[in-house]
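Quick look at run-v2.pdb (PDB, C-alpha atoms and all ligand atoms):
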```pdb
MODEL        1
ATOM      1  CA  MET Q   1     -33.780 -27.313 -45.112  1.00  0.00           C
ATOM      2  CA  MET Q   2     -30.869 -25.613 -43.417  1.00  0.00           C
ATOM      3  CA  THR Q   3     -27.642 -25.224 -45.353  1.00  0.00           C
ATOM      4  CA  THR Q   4     -24.266 -24.327 -43.922  1.00  0.00           C
ATOM      5  CA  LEU Q   5     -21.335 -23.773 -46.226  1.00  0.00           C
ATOM      6  CA  ARG Q   6     -17.761 -24.237 -44.968  1.00  0.00           C
ATOM      7  CA  GLN Q   7     -15.856 -25.173 -48.098  1.00  0.00           C
ATOM      8  CA  ILE Q   8     -16.222 -24.992 -51.838  1.00  0.00           C
ATOM      9  CA  ALA Q   9     -15.438 -27.400 -54.655  1.00  0.00           C
ATOM     10  CA  GLY Q  10     -12.973 -27.079 -57.499  1.00  0.00           C
ATOM     11  CA  GLN Q  11      -9.787 -25.147 -58.181  1.00  0.00           C
ATOM     12  CA  ARG Q  12     -11.254 -22.053 -56.538  1.00  0.00           C
ATOM     13  CA  ILE Q  13     -11.155 -20.179 -53.261  1.00  0.00           C
ATOM     14  CA  CYS Q  14     -13.590 -17.836 -51.509  1.00  0.00           C
ATOM     15  CA  LEU Q  15     -12.024 -14.935 -49.662  1.00  0.00           C
ATOM     16  CA  THR Q  16     -14.446 -13.485 -47.125  1.00  0.00           C
ATOM     17  CA  PHE Q  17     -14.022 -10.157 -45.330  1.00  0.00           C
ATOM     18  CA  ASP Q  18     -15.994  -9.597 -42.127  1.00  0.00           C
ATOM     19  CA  ASP Q  19     -17.005  -6.603 -39.977  1.00  0.00           C
ATOM     20  CA  GLY Q  20     -16.757  -3.846 -42.615  1.00  0.00           C
ATOM     21  CA  PRO Q  21     -17.130  -1.717 -44.474  1.00  0.00           C
ATOM     22  CA  HIS Q  22     -14.447   0.602 -43.126  1.00  0.00           C
ATOM     23  CA  PRO Q  23     -13.030   3.655 -44.937  1.00  0.00           C
ATOM     24  CA  ASP Q  24      -9.433   2.992 -43.828  1.00  0.00           C
ATOM     25  CA  TYR Q  25      -9.231  -0.583 -45.161  1.00  0.00           C
ATOM     26  CA  THR Q  26     -12.083  -1.607 -47.452  1.00  0.00           C
ATOM     27  CA  PRO Q  27     -10.990   0.665 -50.349  1.00  0.00           C
ATOM     28  CA  SER Q  28      -7.470  -0.801 -50.266  1.00  0.00           C
ATOM     29  CA  VAL Q  29      -8.856  -4.338 -50.236  1.00  0.00           C
ATOM     30  CA  LEU Q  30     -11.061  -3.476 -53.211  1.00  0.00           C
ATOM     31  CA  ASP Q  31      -8.150  -1.894 -55.082  1.00  0.00           C
ATOM     32  CA  LEU Q  32      -6.044  -5.024 -54.568  1.00  0.00           C
ATOM     33  CA  LEU Q  33      -8.791  -7.445 -55.532  1.00  0.00           C
ATOM     34  CA  GLY Q  34      -9.459  -5.369 -58.627  1.00  0.00           C
ATOM     35  CA  SER Q  35      -5.828  -5.303 -59.696  1.00  0.00           C
ATOM     36  CA  TYR Q  36      -5.709  -9.128 -59.585  1.00  0.00           C
ATOM     37  CA  GLY Q  37      -9.138  -9.572 -61.133  1.00  0.00           C
ATOM     38  CA  CYS Q  38     -10.334 -11.352 -57.989  1.00  0.00           C
ATOM     39  CA  ARG Q  39     -13.777 -11.389 -56.458  1.00  0.00           C
ATOM     40  CA  ALA Q  40     -14.615 -11.815 -52.791  1.00  0.00           C
ATOM     41  CA  THR Q  41     -17.515 -11.810 -50.357  1.00  0.00           C
ATOM     42  CA  PHE Q  42     -17.987  -9.036 -47.806  1.00  0.00           C
ATOM     43  CA  PHE Q  43     -19.945  -9.896 -44.668  1.00  0.00           C
ATOM     44  CA  LEU Q  44     -21.071  -6.406 -43.730  1.00  0.00           C
ATOM     45  CA  LEU Q  45     -22.512  -4.939 -40.574  1.00  0.00           C
ATOM     46  CA  GLY Q  46     -25.693  -2.947 -41.080  1.00  0.00           C
ATOM     47  CA  ASP Q  47     -24.623  -0.045 -38.878  1.00  0.00           C
ATOM     48  CA  SER Q  48     -21.273   0.328 -40.686  1.00  0.00           C
ATOM     49  CA  ALA Q  49     -23.042   0.064 -44.028  1.00  0.00           C
ATOM     50  CA  LEU Q  50     -25.281   2.979 -43.055  1.00  0.00           C
ATOM     51  CA  ARG Q  51     -22.221   5.012 -42.083  1.00  0.00           C
ATOM     52  CA  TYR Q  52     -20.341   4.289 -45.330  1.00  0.00           C
ATOM     53  CA  PRO Q  53     -22.985   3.675 -48.001  1.00  0.00           C
ATOM     54  CA  HIS Q  54     -20.572   4.548 -50.831  1.00  0.00           C
ATOM     55  CA  LEU Q  55     -18.416   1.572 -49.849  1.00  0.00           C
ATOM     56  CA  VAL Q  56     -21.381  -0.801 -49.957  1.00  0.00           C
ATOM     57  CA  GLN Q  57     -22.184   0.513 -53.405  1.00  0.00           C
ATOM     58  CA  ARG Q  58     -18.601   0.148 -54.562  1.00  0.00           C
ATOM     59  CA  ILE Q  59     -18.404  -3.473 -53.310  1.00  0.00           C
ATOM     60  CA  SER Q  60     -21.572  -4.301 -55.196  1.00  0.00           C
ATOM     61  CA  ARG Q  61     -20.638  -2.361 -58.337  1.00  0.00           C
ATOM     62  CA  GLU Q  62     -17.277  -4.114 -58.589  1.00  0.00           C
ATOM     63  CA  GLY Q  63     -18.954  -7.504 -58.699  1.00  0.00           C
ATOM     64  CA  HIS Q  64     -18.259  -8.786 -55.202  1.00  0.00           C
ATOM     65  CA  SER Q  65     -20.832 -10.692 -53.193  1.00  0.00           C
ATOM     66  CA  LEU Q  66     -22.636  -9.163 -50.234  1.00  0.00           C
ATOM     67  CA  GLY Q  67     -23.123 -11.038 -46.985  1.00  0.00           C
ATOM     68  CA  ASN Q  68     -25.166 -10.278 -43.891  1.00  0.00           C
ATOM     69  CA  HIS Q  69     -23.176 -10.195 -40.621  1.00  0.00           C
ATOM     70  CA  THR Q  70     -26.062  -8.731 -38.496  1.00  0.00           C
ATOM     71  CA  PHE Q  71     -26.759  -5.080 -37.803  1.00  0.00           C
ATOM     72  CA  SER Q  72     -24.404  -4.427 -34.878  1.00  0.00           C
ATOM     73  CA  HIS Q  73     -22.456  -7.647 -34.188  1.00  0.00           C
ATOM     74  CA  PRO Q  74     -24.205  -8.576 -30.935  1.00  0.00           C
ATOM     75  CA  ARG Q  75     -22.992 -11.314 -28.645  1.00  0.00           C
ATOM     76  CA  LEU Q  76     -26.197 -13.296 -28.815  1.00  0.00           C
ATOM     77  CA  GLN Q  77     -27.052 -15.920 -26.265  1.00  0.00           C
ATOM     78  CA  TYR Q  78     -28.808 -19.171 -26.864  1.00  0.00           C
ATOM     79  CA  ARG Q  79     -32.262 -17.895 -25.921  1.00  0.00           C
ATOM     80  CA  GLN Q  80     -32.260 -14.576 -27.755  1.00  0.00           C
ATOM     81  CA  GLY Q  81     -33.941 -15.851 -30.884  1.00  0.00           C
ATOM     82  CA  GLU Q  82     -36.078 -12.786 -31.501  1.00  0.00           C
ATOM     83  CA  GLN Q  83     -33.203 -10.372 -31.133  1.00  0.00           C
ATOM     84  CA  GLY Q  84     -31.218 -12.438 -33.594  1.00  0.00           C
ATOM     85  CA  THR Q  85     -34.002 -12.303 -36.135  1.00  0.00           C
ATOM     86  CA  ALA Q  86     -34.273  -8.511 -35.751  1.00  0.00           C
ATOM     87  CA  GLN Q  87     -30.500  -8.125 -36.165  1.00  0.00           C
ATOM     88  CA  ILE Q  88     -30.404 -10.131 -39.378  1.00  0.00           C
ATOM     89  CA  LEU Q  89     -33.534  -8.552 -40.793  1.00  0.00           C
ATOM     90  CA  ARG Q  90     -32.348  -5.002 -40.134  1.00  0.00           C
ATOM     91  CA  CYS Q  91     -28.983  -5.644 -41.778  1.00  0.00           C
ATOM     92  CA  GLN Q  92     -30.727  -7.288 -44.709  1.00  0.00           C
ATOM     93  CA  GLN Q  93     -32.959  -4.248 -45.226  1.00  0.00           C
ATOM     94  CA  VAL Q  94     -30.051  -1.800 -45.048  1.00  0.00           C
ATOM     95  CA  LEU Q  95     -27.925  -3.734 -47.540  1.00  0.00           C
ATOM     96  CA  GLU Q  96     -30.781  -4.271 -49.927  1.00  0.00           C
ATOM     97  CA  GLN Q  97     -31.634  -0.599 -49.854  1.00  0.00           C
ATOM     98  CA  LEU Q  98     -28.053   0.596 -50.345  1.00  0.00           C
ATOM     99  CA  ALA Q  99     -26.900  -1.945 -52.909  1.00  0.00           C
ATOM    100  CA  GLY Q 100     -30.136  -2.653 -54.722  1.00  0.00           C
ATOM    101  CA  GLN Q 101     -29.578  -6.371 -54.331  1.00  0.00           C
ATOM    102  CA  ARG Q 102     -30.604  -8.856 -51.714  1.00  0.00           C
ATOM    103  CA  PRO Q 103     -27.699 -10.540 -49.897  1.00  0.00           C
ATOM    104  CA  ARG Q 104     -27.941 -14.338 -50.018  1.00  0.00           C
ATOM    105  CA  TRP Q 105     -25.309 -15.189 -47.413  1.00  0.00           C
ATOM    106  CA  PHE Q 106     -25.216 -14.962 -43.628  1.00  0.00           C
ATOM    107  CA  ARG Q 107     -22.352 -15.306 -41.199  1.00  0.00           C
ATOM    108  CA  PRO Q 108     -23.114 -15.194 -37.455  1.00  0.00           C
ATOM    109  CA  PRO Q 109     -21.003 -12.903 -35.243  1.00  0.00           C
ATOM    110  CA  TYR Q 110     -18.081 -14.830 -33.710  1.00  0.00           C
ATOM    111  CA  GLY Q 111     -19.072 -17.776 -35.931  1.00  0.00           C
ATOM    112  CA  ARG Q 112     -21.552 -18.815 -33.259  1.00  0.00           C
ATOM    113  CA  LEU Q 113     -24.561 -20.255 -34.952  1.00  0.00           C
ATOM    114  CA  THR Q 114     -27.281 -20.537 -32.332  1.00  0.00           C
ATOM    115  CA  PRO Q 115     -30.459 -22.429 -33.277  1.00  0.00           C
ATOM    116  CA  GLY Q 116     -32.354 -19.120 -33.248  1.00  0.00           C
ATOM    117  CA  LEU Q 117     -29.955 -17.465 -35.689  1.00  0.00           C
ATOM    118  CA  ALA Q 118     -29.888 -20.504 -37.940  1.00  0.00           C
ATOM    119  CA  GLN Q 119     -33.658 -20.527 -38.101  1.00  0.00           C
ATOM    120  CA  ALA Q 120     -33.888 -16.782 -38.710  1.00  0.00           C
ATOM    121  CA  ALA Q 121     -31.351 -16.968 -41.537  1.00  0.00           C
ATOM    122  CA  THR Q 122     -33.165 -19.880 -43.150  1.00  0.00           C
ATOM    123  CA  GLN Q 123     -36.493 -18.081 -42.940  1.00  0.00           C
ATOM    124  CA  LEU Q 124     -34.988 -15.104 -44.729  1.00  0.00           C
ATOM    125  CA  GLY Q 125     -33.677 -17.379 -47.462  1.00  0.00           C
ATOM    126  CA  LEU Q 126     -30.048 -16.904 -46.437  1.00  0.00           C
ATOM    127  CA  THR Q 127     -27.403 -19.599 -46.606  1.00  0.00           C
ATOM    128  CA  THR Q 128     -25.164 -19.633 -43.542  1.00  0.00           C
ATOM    129  CA  VAL Q 129     -21.465 -19.504 -44.364  1.00  0.00           C
ATOM    130  CA  LEU Q 130     -18.718 -20.410 -41.902  1.00  0.00           C
ATOM    131  CA  TRP Q 131     -15.127 -21.043 -43.004  1.00  0.00           C
ATOM    132  CA  SER Q 132     -12.513 -23.748 -43.511  1.00  0.00           C
ATOM    133  CA  ARG Q 133      -9.519 -21.529 -42.717  1.00  0.00           C
ATOM    134  CA  SER Q 134      -9.003 -18.369 -40.689  1.00  0.00           C
ATOM    135  CA  ALA Q 135      -6.258 -15.782 -41.076  1.00  0.00           C
ATOM    136  CA  ILE Q 136      -6.710 -15.167 -37.318  1.00  0.00           C
ATOM    137  CA  ASP Q 137      -6.099 -11.505 -38.114  1.00  0.00           C
ATOM    138  CA  TRP Q 138      -7.187 -10.473 -34.641  1.00  0.00           C
ATOM    139  CA  GLY Q 139      -6.084 -10.780 -31.028  1.00  0.00           C
ATOM    140  CA  PRO Q 140      -2.605 -11.762 -29.829  1.00  0.00           C
ATOM    141  CA  LEU Q 141      -2.109 -14.305 -32.648  1.00  0.00           C
ATOM    142  CA  GLY Q 142      -2.913 -11.685 -35.269  1.00  0.00           C
ATOM    143  CA  THR Q 143       0.670 -10.562 -35.850  1.00  0.00           C
ATOM    144  CA  GLN Q 144       2.009  -9.668 -39.265  1.00  0.00           C
ATOM    145  CA  ARG Q 145       4.116 -12.839 -39.411  1.00  0.00           C
ATOM    146  CA  GLY Q 146       1.358 -15.066 -38.068  1.00  0.00           C
ATOM    147  CA  ILE Q 147      -1.177 -13.803 -40.573  1.00  0.00           C
ATOM    148  CA  ALA Q 148       1.295 -14.100 -43.464  1.00  0.00           C
ATOM    149  CA  ARG Q 149       2.124 -17.680 -42.440  1.00  0.00           C
ATOM    150  CA  ARG Q 150      -1.529 -18.705 -42.276  1.00  0.00           C
ATOM    151  CA  LEU Q 151      -2.300 -17.077 -45.619  1.00  0.00           C
ATOM    152  CA  ARG Q 152       0.526 -19.075 -47.226  1.00  0.00           C
ATOM    153  CA  ARG Q 153      -1.448 -22.223 -46.377  1.00  0.00           C
ATOM    154  CA  ALA Q 154      -4.690 -21.052 -47.958  1.00  0.00           C
ATOM    155  CA  THR Q 155      -5.557 -23.254 -50.892  1.00  0.00           C
ATOM    156  CA  ALA Q 156      -8.223 -24.386 -53.367  1.00  0.00           C
ATOM    157  CA  GLY Q 157     -11.503 -25.278 -51.699  1.00  0.00           C
ATOM    158  CA  ASP Q 158     -11.030 -22.916 -48.797  1.00  0.00           C
ATOM    159  CA  ILE Q 159     -13.497 -20.404 -47.532  1.00  0.00           C
ATOM    160  CA  LEU Q 160     -11.011 -18.036 -45.923  1.00  0.00           C
ATOM    161  CA  LEU Q 161     -11.942 -15.748 -43.039  1.00  0.00           C
ATOM    162  CA  LEU Q 162     -10.386 -12.255 -43.036  1.00  0.00           C
ATOM    163  CA  HIS Q 163     -11.361  -8.898 -41.499  1.00  0.00           C
ATOM    164  CA  ASP Q 164     -11.343  -5.502 -43.223  1.00  0.00           C
ATOM    165  CA  ALA Q 165     -12.313  -3.367 -40.227  1.00  0.00           C
ATOM    166  CA  PRO Q 166     -10.487  -2.589 -36.965  1.00  0.00           C
ATOM    167  CA  ARG Q 167     -13.496  -3.578 -34.871  1.00  0.00           C
ATOM    168  CA  ARG Q 168     -12.470  -4.521 -31.327  1.00  0.00           C
ATOM    169  CA  HIS Q 169      -9.203  -6.458 -31.556  1.00  0.00           C
ATOM    170  CA  ASN Q 170      -9.015  -6.992 -35.338  1.00  0.00           C
ATOM    171  CA  HIS Q 171      -5.749  -6.147 -37.132  1.00  0.00           C
ATOM    172  CA  PRO Q 172      -6.770  -5.290 -40.704  1.00  0.00           C
ATOM    173  CA  GLN Q 173      -3.541  -3.356 -41.251  1.00  0.00           C
ATOM    174  CA  TYR Q 174      -1.533  -6.611 -40.953  1.00  0.00           C
ATOM    175  CA  MET Q 175      -4.052  -8.511 -43.069  1.00  0.00           C
ATOM    176  CA  LEU Q 176      -3.626  -5.878 -45.783  1.00  0.00           C
ATOM    177  CA  THR Q 177       0.145  -6.257 -45.714  1.00  0.00           C
ATOM    178  CA  ALA Q 178      -0.167 -10.001 -46.332  1.00  0.00           C
ATOM    179  CA  LEU Q 179      -2.961  -9.872 -48.906  1.00  0.00           C
ATOM    180  CA  PRO Q 180      -0.891  -9.005 -52.024  1.00  0.00           C
ATOM    181  CA  ASN Q 181       1.294 -12.108 -51.578  1.00  0.00           C
ATOM    182  CA  LEU Q 182      -1.766 -14.298 -51.258  1.00  0.00           C
ATOM    183  CA  LEU Q 183      -3.368 -12.880 -54.401  1.00  0.00           C
ATOM    184  CA  ALA Q 184      -0.139 -13.205 -56.384  1.00  0.00           C
ATOM    185  CA  ARG Q 185       0.320 -16.827 -55.300  1.00  0.00           C
ATOM    186  CA  LEU Q 186      -3.283 -17.764 -56.114  1.00  0.00           C
ATOM    187  CA  GLU Q 187      -2.821 -16.274 -59.562  1.00  0.00           C
ATOM    188  CA  HIS Q 188       0.453 -18.166 -60.015  1.00  0.00           C
ATOM    189  CA  ASP Q 189      -1.144 -21.447 -58.889  1.00  0.00           C
ATOM    190  CA  GLY Q 190      -4.189 -20.994 -61.117  1.00  0.00           C
ATOM    191  CA  ILE Q 191      -6.620 -20.811 -58.205  1.00  0.00           C
ATOM    192  CA  ALA Q 192      -9.498 -18.446 -58.961  1.00  0.00           C
ATOM    193  CA  ALA Q 193     -10.760 -16.223 -56.159  1.00  0.00           C
ATOM    194  CA  ILE Q 194     -14.499 -15.968 -56.629  1.00  0.00           C
ATOM    195  CA  GLY Q 195     -17.457 -14.501 -54.768  1.00  0.00           C
ATOM    196  CA  LEU Q 196     -20.128 -16.747 -53.322  1.00  0.00           C
ATOM    197  CA  ASP Q 197     -22.694 -15.403 -55.797  1.00  0.00           C
ATOM    198  CA  GLU Q 198     -20.515 -16.787 -58.600  1.00  0.00           C
ATOM    199  CA  TYR Q 199     -19.936 -20.052 -56.785  1.00  0.00           C
ATOM    200  CA  ALA Q 200     -23.672 -20.640 -56.404  1.00  0.00           C
ATOM    201  CA  PRO Q 201     -25.517 -18.753 -59.115  1.00  0.00           C
ATOM    202  CA  LEU Q 202     -29.176 -18.258 -58.289  1.00  0.00           C
ATOM    203  CA  ALA Q 203     -30.336 -20.486 -61.131  1.00  0.00           C
ATOM    204  CA  SER Q 204     -28.528 -23.497 -59.660  1.00  0.00           C
ATOM    205  CA  VAL Q 205     -29.779 -23.159 -56.083  1.00  0.00           C
TER     206      VAL Q 205
HETATM  207 ZN    ZN Q 301     -17.474 -10.408 -37.083  1.00  0.00          ZN
ENDMDL
END
```
Turn this file's structure into structure tokens for me.
Amino acid sequence: MMTTLRQIAGQRICLTFDDGPHPDYTPSVLDLLGSYGCRATFFLLGDSALRYPHLVQRISREGHSLGNHTFSHPRLQYRQGEQGTAQILRCQQVLEQLAGQRPRWFRPPYGRLTPGLAQAATQLGLTTVLWSRSAIDWGPLGTQRGIARRLRRATAGDILLLHDAPRRHNHPQYMLTALPNLLARLEHDGIAAIGLDEYAPLASV
């Protein structure tokens, strides 16, 4: 059976960071999450993980959840099922090797879940995770004010999409500026930021 997660239940929120790891931003994100006692999920690219293995290890060591975001973020078309499978599998192998744990979560590049990708993820035992709210921390809408405004609306139940790498037109520097306010408000409102591994412990799946 295919599962796609877009929201979570309870007085909790899942922050998800895509396209990393990146040495200019991921350490700052980890520092901030740590100082608020928050956990998150990092949807990593296999090729970036190979370049910065120490960051993959730090993410894992600090109790965050690992997600598979393919090896190199391809723009996959409808018919490229085999390429999709290879992309997910290669990322999975890299992350497992570097972190010593098997990622359980998959997010397709650009949020485009083609039937081929969905099937490949399911076959690898991965749950596909989309989102209920996006910071839109990229492109022309990804201004400091715009990101801050959208993060003010993030609330319990959300799976929130953020980016911690400057890939293409991402603006992680603005995301980082807005992140402390979000974490402080969640703490104030009693909303726990948790990783997906905590949300769905293996025993309950
Ligand atoms: Zn991405």
Per-residue nearest contacts of region 43-133 of chain Q to region 14-31 of chain Q (6 Å; only C-alpha atoms) as a Markdown table:
```
| residue | atom | partner | partner_atom | distance |
| --- | --- | --- | --- | --- |
| Q:Phe43 | CA | Q:Asp18 | CA | 4.7 |
| Q:Leu44 | CA | Q:Gly20 | CA | 5.1 |
| Q:Leu45 | CA | Q:Asp19 | CA | 5.8 |
| Q:Ser48 | CA | Q:Pro21 | CA | 6.0 |
```
Problem set entry | Residues within 10 Å of Ile147 (chain Q), all atoms listed in the file, excluding chain neighbours under 6 positions, as an MDAnalysis selection string | chainID Q and resid 134:138 141 162 171 174:179
For this session: Measure the distance from CA of Arg90 (chain Q) to CA of Ala165 (chain Q) in Å and round it to one decimal.
Result: 20.1 Å
For this session: Apply the PyMOL selection byres (((chain Q and resi 67-72) around 6) and not hetatm) to the file shown and report the selected residues as a VMD selection string.
Result: chain Q and resid 42 to 47 66 73 to 74 87 to 88 91 103 105 to 108
For this session: Can you give me, as a list in words, the residues this file yields under the PyMOL selection byres (((chain Q and resi 120-123) around 9) and not hetatm)?
Result: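 The output of the PyMOL selection byres (((chain Q and resi 120-123) around 9) and not hetatm) on this file is Met1, Met2, Thr3, Gly81, Glu82, Gly84, Thr85, Ala86, Ile88, Leu89, Trp105, Phe106, Pro115, Gly116, Leu117, Ala118, Gln119, Leu124, Gly125, Leu126, Thr127 and Thr128 of chain Q.
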For this session: Counting all atoms listed in the file, figure out which residue out of Q:Gly63, Q:Thr41, Q:Gln57, Q:Asp189 gets nearest to His163 (chain Q).
Result: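 Of all the options, Q:Thr41 lies closest to His163 (chain Q).
Among the candidates Q:Pro140, Q:Pro172, Q:Gly111, Q:Pro180, the residue lying nearest to ligand ZN 301 (chain Q) is Q:Gly111 (atoms considered: only C-alpha atoms and all ligand atoms).
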Exercise. Of the residues Q:Asn170, Q:Gln97, Q:Asn181, Q:Gln92, which is the one nearest to ligand ZN 301 (chain Q), using all atoms listed in the file?
Worked result: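 Closest residue, counting all atoms listed in the file: Q:Asn170.
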For this session: Would you be able to write out as an NGL selection string which residues have an atom within 12 Å of (-30.1, -1.5, -52.1) in the file's coordinates, counting only C-alpha atoms?
Result: :Q and (46 or 49-50 or 53-54 or 56-61 or 66 or 91-103)
For this session: Please evaluate the PyMOL selection byres (((chain Q and resi 7) around 8) and not hetatm) against the displayed coordinates and give the resulting residues as number ranges by chain.
Result: Q: 5-6, 8-9, 131-132, 157-159
For this session: Find the distance between CA of Ala192 (chain Q) and CA of Gln11 (chain Q) and write it in Å to one decimal.
Result: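 Between CA of Ala192 (chain Q) and CA of Gln11 (chain Q) the gap works out to 6.8 Å.
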Problem set entry | Distance criterion (all atoms listed in the file): nearest to Arg149 (chain Q) out of Q:Leu182, Q:Asp197, Q:Arg167, Q:Arg51 | Q:Leu182
Problem set entry | Counting only C-alpha atoms and all ligand atoms, the option among Q:Arg75, Q:Arg104, Q:Arg153, Q:Arg133 closest to ligand ZN 301 (chain Q) |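 The answer is Q:Arg75, which sits nearest to ligand ZN 301 (chain Q).
For the pair CA of Arg39 (chain Q) and CA of Ala193 (chain Q), the separation is 5.7 Å.
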For this session: Find the residue from Q:Gly195, Q:Gly139, Q:Leu202, Q:Gly10 that sits nearest to His64 (chain Q); use only C-alpha atoms when measuring.
Result: Q:Gly195
For this session: Using only C-alpha atoms, give me every residue within 9 Å of (-10.2, -12.4, -60.8) in file coordinates, as a PyMOL selection string.
Result: chain Q and resi 33-39+187+192-194
Kindly list the centre and edge lengths in Å, rounded to one decimal, for the axis-aligned box that covers all listed atoms of region 188-205 of chain Q plus 3 Å on each of its six sides, as AutoDock Vina command-line options.
```
--center_x -14.9 --center_y -19.0 --center_z -57.2 --size_x 36.8 --size_y 15.0 --size_z 13.8
```
